[in-house]
Each structure stands twice: as C-alpha cells, then as structure tokens.
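Written out below as structure tokens is the structure these notes cover.
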Amino acid sequence: VLFTLLLVFIIVPAIFGVSFGIRKVYMKTLLKIFQWATLRIERGAKEKNHPLYKPYVNGIIAKEPTSLEEEIKEIRRSGSGKALDTPEFELSDIFYFCRKGIETIMDDEVTKRFSAEELESWNLLSRTNYNFQYISLRLTVLWGLGVLIRYCFLLPLRIALAFTGISLLVTGTTVVGYLPNGRCKEFLSKHVHLMCYRICVRALTAIITYHDRENRPRNGGICVANHTSPIDVIILASDGYYAMVGQVHGGLMGVIQRAMVKACPHVWFERSEVKDRHLVAKRLTEHVQDKSKLPILIFPEGTCINNTSVMMFKKGSFEIGATVYPVAIKYDPQFGDAFWNSSKYGMVTYLLRMMTSWAIVCSVWYLPPMTRQPEEDAVQFANRVKSAIARQGGLVDLLWDGGLKREKVKDTFKEEQQKLYSKMIVGN
C-alpha cells in the first residue's frame, strides 16, 4: 500500500513534471508555525528579560566606501594638521594599515561566507538561531513532534525516493547506452536524466521557482551558476538538459558517472588531467563547438559558498569563446540550510542534514545569454557575468577567491595594497 501511494502521488507525477500542490501547502503551513514559534520565543525572552540575538546582516563594523588615499589624508589631517600636499611617507600612515588589519580580523569577509547563514526566526531545527532556549512546554512539545516527523516519516520516505531515482538513473542510462547513436538515443537519454533528477528533487522535498525560462541554456553554450551545494546540479538538471563536467570518482559516484557517460557526452576528467588547464580547455572547446551537444554546466567559483555572496569566478570557462548562459540560484534558509561546508561535514553527514530538514526552497533565474566583448579579457568577462548573477540573486559580489577557504592569502593580494600605497607616495 505504501509503495503504491509512493508511486501514484510522488514518482509518477515527478516523471511527468506534474505537481498536485501538496508541497506548497506544506510550505505555507510551516511558515505559519515558524512565525508562531518565533513570536512565542520573543515574548518569553521579554518576560524573562533575556536579550534577543540579532544577526549582523551587513557586518559588525560600519564601513564607508572610501579609498586608501582619502583615508590616509584624513588620518594626516587629524594627526598633524597637514594634507597630502607633498607625497612622502609619514609615520601616522601606519595607523591606516593597523586599523584595516584589525577590522579584517574582526569582520572577515571571506571566512563568514563558509558558515551557515544565521536566521532571525527559529525554524524548529535548533541549528541556525541562537535565541532558542527552553521557554515553554508547548514549544518543546512542538520541537519534539517535529523531530518525530522529520526522522520517522520524512527521512525514510526521502531515502526511498533517492534510492529509486539513483537506481533508475544507473539502470536507464546503462540501457540507453547500448542503443546506436541517433535521435532516438538522444531523446531517451535526455528524458531518462530529466525523469531521475525530478525524482531526486522530490527526495529533498524541493520547492523550486524558475524565472525567465525563455533564457534557458541552449546547445553549444556554457551554463554558469553560483555554487552553494552539490544539489545545485539536481536543481538545474530537473528543468533542463545539461552535460556535466567533473572529476572522475570511485565508489557509488563512480558507478553513476560511468553509467551516465554511456548515454550522454558528459566531460569527466581524471585527477591528473584536472591540473592540466590546457587539456581541460581543449576538451571543453571541442564540446561546445559541436552544436548538437548539450550545454555544459559549470560552477566557476570552484567551491561551495553559503548563498549570501558570489566569490571570484575562475577564468578557464570564459576563455573558450562560447556563449555563456548565467543562472542565479537563491535558497531560502528558513526551511533548511542547503550550504555544504565540506571542511566540516562529509557527504553522508551533509545528505543526512538535507534529508532531515523541512524542505529545500529556492528560486532560479535564467539570465539573458552573454558573450565576450572584443575589448574584454577572460577575467573581465568573468567578473561581468558574476556581477549579473549577484545582482539578480540579491547576493554580495566579492572579488575574493573561494580557494581561500583552504589556502593562505596569495602574495598578489598583499602586493596590490603595497602598489596602491607606493603610487600614492611616489606616483605612477
């Protein structure tokens, strides 16, 4: 009986891309419960004179957008009363760099992009709000009921759906892979991928709103998007057809990759090949030059960011000369934190957190296609695409490399500040 209900109400509608609206009703119900719980917490805190924690959305230090030269001028005026009339070094200039260094340590723009986004309201997960504490019996009972629903009902259901989707993907792509190349194989491959990704989306109770679908990526192009989670792939591939790019893996992931590549020309690289930029560029160029092949899906940040900002795009995918289709993805953290902090959680732990969240709610915007202008280099083009994605998704546009998550600051960043100061002192 349970399998029949699963088949009729979830799997079959997922295959045909049909929704009965149950997930939206579920989302609206959760919102009302969250609002009630938050109000109850705030009221209880006021009754007991407990201060409420409010997250600093724009940082803990108020900063004005001024240049290095302007700030040093101000320090000199306040210290010695002299302006920057004669370019020369003054001991008071040191205070500018000391202050900037302390500000950066206190309010690090990079580090805070790799931690969960703090919520102003409580979502009954007790994971991302510091205001939660024992206030009333009703709140505690509500939280306990939520644990039972998420772990005893939603988790087994989602695991069953994920197993179904992955099994169908491996079986379907393997069977399609034995067919001769042609329109029939291409048609079946597209729809097998789409069907399985839609089932996997249901396994996360994902509620996705797609905007401007007329701008969806087309064959022979490159789709670039901001990166928050491995499930970004499922979110996009459940609404379109893509060729994936990635490193060859072992284990279950390796089985899936080998099955997928039989049915569709995905681009997988060996570990040693990934480090060869020219080889990667050559493989990608050959793919996009064939207009019959699916658009390539790439995440140029190279690592997962917590969905509050967009960090530096690697220039490799912008050197090819293909049409770029930007996509902005914005998750709603009220229902579950989609960010994968790979330095803190392994893949299994992360998926468990996803499957025990209330839901994954997000919006996807397809932006108009962009091409590299004659006067632009690859870095400028990458920054222009990144700015468009950040603007549309309501994200902060940062120039920092996401690789700083695991690496030390490059010397070039230090040299840039040294150059700015030396230009102010000795000119160009």
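Residue numbering restarts at 1 in every chain; chains get A, B, ... in the order shown in the structure tokens, and ligands count up from 1 in that same order.
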With a distance cut-off of 8 Å and only C-alpha atoms, select the neighbouring residues of Thr303 in chain A, excluding the residue or stretch itself and same-chain residues fewer than 2 positions from it, and output the selection as number ranges by chain. A: 227-228, 301, 305, 402-403
Those same residues - C-alpha atoms - I'd like them written as an mmCIF file, in the first residue's frame.
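Generated file (selection_17.cif):
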data_model
loop_
_atom_site.group_PDB
_atom_site.id
_atom_site.type_symbol
_atom_site.label_atom_id
_atom_site.label_comp_id
_atom_site.auth_asym_id
_atom_site.auth_seq_id
_atom_site.Cartn_x
_atom_site.Cartn_y
_atom_site.Cartn_z
ATOM 1 C CA HIS A 227 27.560 27.345 -6.150
ATOM 2 C CA THR A 228 26.067 26.569 -2.732
ATOM 3 C CA GLU A 301 33.632 29.515 -8.059
ATOM 4 C CA ILE A 305 29.639 29.378 -0.704
ATOM 5 C CA GLY A 402 36.847 30.878 -2.845
ATOM 6 C CA GLY A 403 40.061 28.857 -2.642
#
Can I get the residues of range 275-325 of chain A within 8 Å of range 111-123 of chain A, each with the closest pair of atoms and their distance in Å to one decimal, using only C-alpha atoms, sorted chain first then ascending number, as JSON lines?
{"residue": "A:Cys304", "atom": "CA", "partner": "A:Phe114", "partner_atom": "CA", "distance": 7.9}
{"residue": "A:Ile305", "atom": "CA", "partner": "A:Phe114", "partner_atom": "CA", "distance": 5.9}
{"residue": "A:Asn306", "atom": "CA", "partner": "A:Arg113", "partner_atom": "CA", "distance": 5.5}
{"residue": "A:Asn307", "atom": "CA", "partner": "A:Arg113", "partner_atom": "CA", "distance": 7.9}
{"residue": "A:Thr308", "atom": "CA", "partner": "A:Arg113", "partner_atom": "CA", "distance": 6.9}
{"residue": "A:Ser309", "atom": "CA", "partner": "A:Arg113", "partner_atom": "CA", "distance": 7.2}
Deliver the residues from the most recent selection as a file, using N, CA and C atoms, as a compact mmCIF listing (two decimals), in the first residue's frame.
# COMPACT_ATOMS: atom_id res chain seq x y z
N CYS A 304 31.87 25.56 -2.63
CA CYS A 304 30.53 25.95 -2.17
C CYS A 304 30.61 27.17 -1.25
N ILE A 305 29.74 28.17 -1.51
CA ILE A 305 29.64 29.38 -0.70
C ILE A 305 28.26 29.36 -0.03
N ASN A 306 28.11 30.04 1.10
CA ASN A 306 26.89 29.90 1.90
C ASN A 306 25.66 30.64 1.38
N ASN A 307 25.65 30.99 0.10
CA ASN A 307 24.49 31.58 -0.56
C ASN A 307 24.18 33.00 -0.11
N THR A 308 25.16 33.66 0.53
CA THR A 308 24.99 35.07 0.84
C THR A 308 25.77 35.94 -0.14
N SER A 309 26.66 35.32 -0.92
CA SER A 309 27.51 36.08 -1.82
C SER A 309 27.96 35.23 -3.00
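Among the candidates A:Ile41, A:Val379, A:Ala206, A:Ile296, the one nearest to Arg138 in chain A when counting only C-alpha atoms is A:Ile41.
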Any idea what's packed within 8 Å of Ile75 in chain A, counting only C-alpha atoms, ignoring anything in its chain fewer than 5 positions away? Could you give it as a list in words? Ser92, Asp93, Phe95 and Tyr96 of chain A
Can you write just those residues out, N, CA and C atoms, as an mmCIF file, in the first residue's frame?
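Contents of part_0.cif, freshly written:
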data_model
loop_
_atom_site.group_PDB
_atom_site.id
_atom_site.type_symbol
_atom_site.label_atom_id
_atom_site.label_comp_id
_atom_site.auth_asym_id
_atom_site.auth_seq_id
_atom_site.Cartn_x
_atom_site.Cartn_y
_atom_site.Cartn_z
ATOM 1 N N SER A 92 52.316 58.334 10.723
ATOM 2 C CA SER A 92 50.891 58.152 11.036
ATOM 3 C C SER A 92 50.183 57.257 10.014
ATOM 4 N N ASP A 93 50.794 57.081 8.827
ATOM 5 C CA ASP A 93 50.186 56.221 7.790
ATOM 6 C C ASP A 93 50.027 54.781 8.284
ATOM 7 N N PHE A 95 48.890 53.769 10.993
ATOM 8 C CA PHE A 95 47.620 53.550 11.688
ATOM 9 C C PHE A 95 46.521 53.063 10.737
ATOM 10 N N TYR A 96 46.591 53.512 9.485
ATOM 11 C CA TYR A 96 45.588 53.062 8.491
ATOM 12 C C TYR A 96 45.665 51.546 8.320
#
Per-residue DSSP, range 256-314 of chain A, filtered to helix (DSSP H, G or I), as a list of chain:residue names: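 Here is the list: A:Ile256, A:Gln257, A:Arg258, A:Ala259, A:Met260, A:Val261, A:Lys262, A:Ala263, A:Arg271, A:Ser272, A:Glu273, A:Val274, A:Arg277, A:His278, A:Leu279, A:Val280, A:Ala281, A:Lys282, A:Arg283, A:Leu284, A:Thr285, A:Glu286, A:His287, A:Val288, A:Gln289.
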Smallest atom-to-atom distance to Val12 in chain A: which of A:Cys152, A:Cys196, A:Val288, A:Cys184, using only C-alpha atoms?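 Between A:Cys152, A:Cys196, A:Val288, A:Cys184, the residue approaching Val12 in chain A most closely is A:Cys196.
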Please list as a PyMOL selection string every residue within 6 Å of range 316-333 of chain A, counting only C-alpha atoms and excluding residues in the same chain fewer than 3 positions away. chain A and resi 217+221-225+285+336-337+361-367+369-371+378+389+393
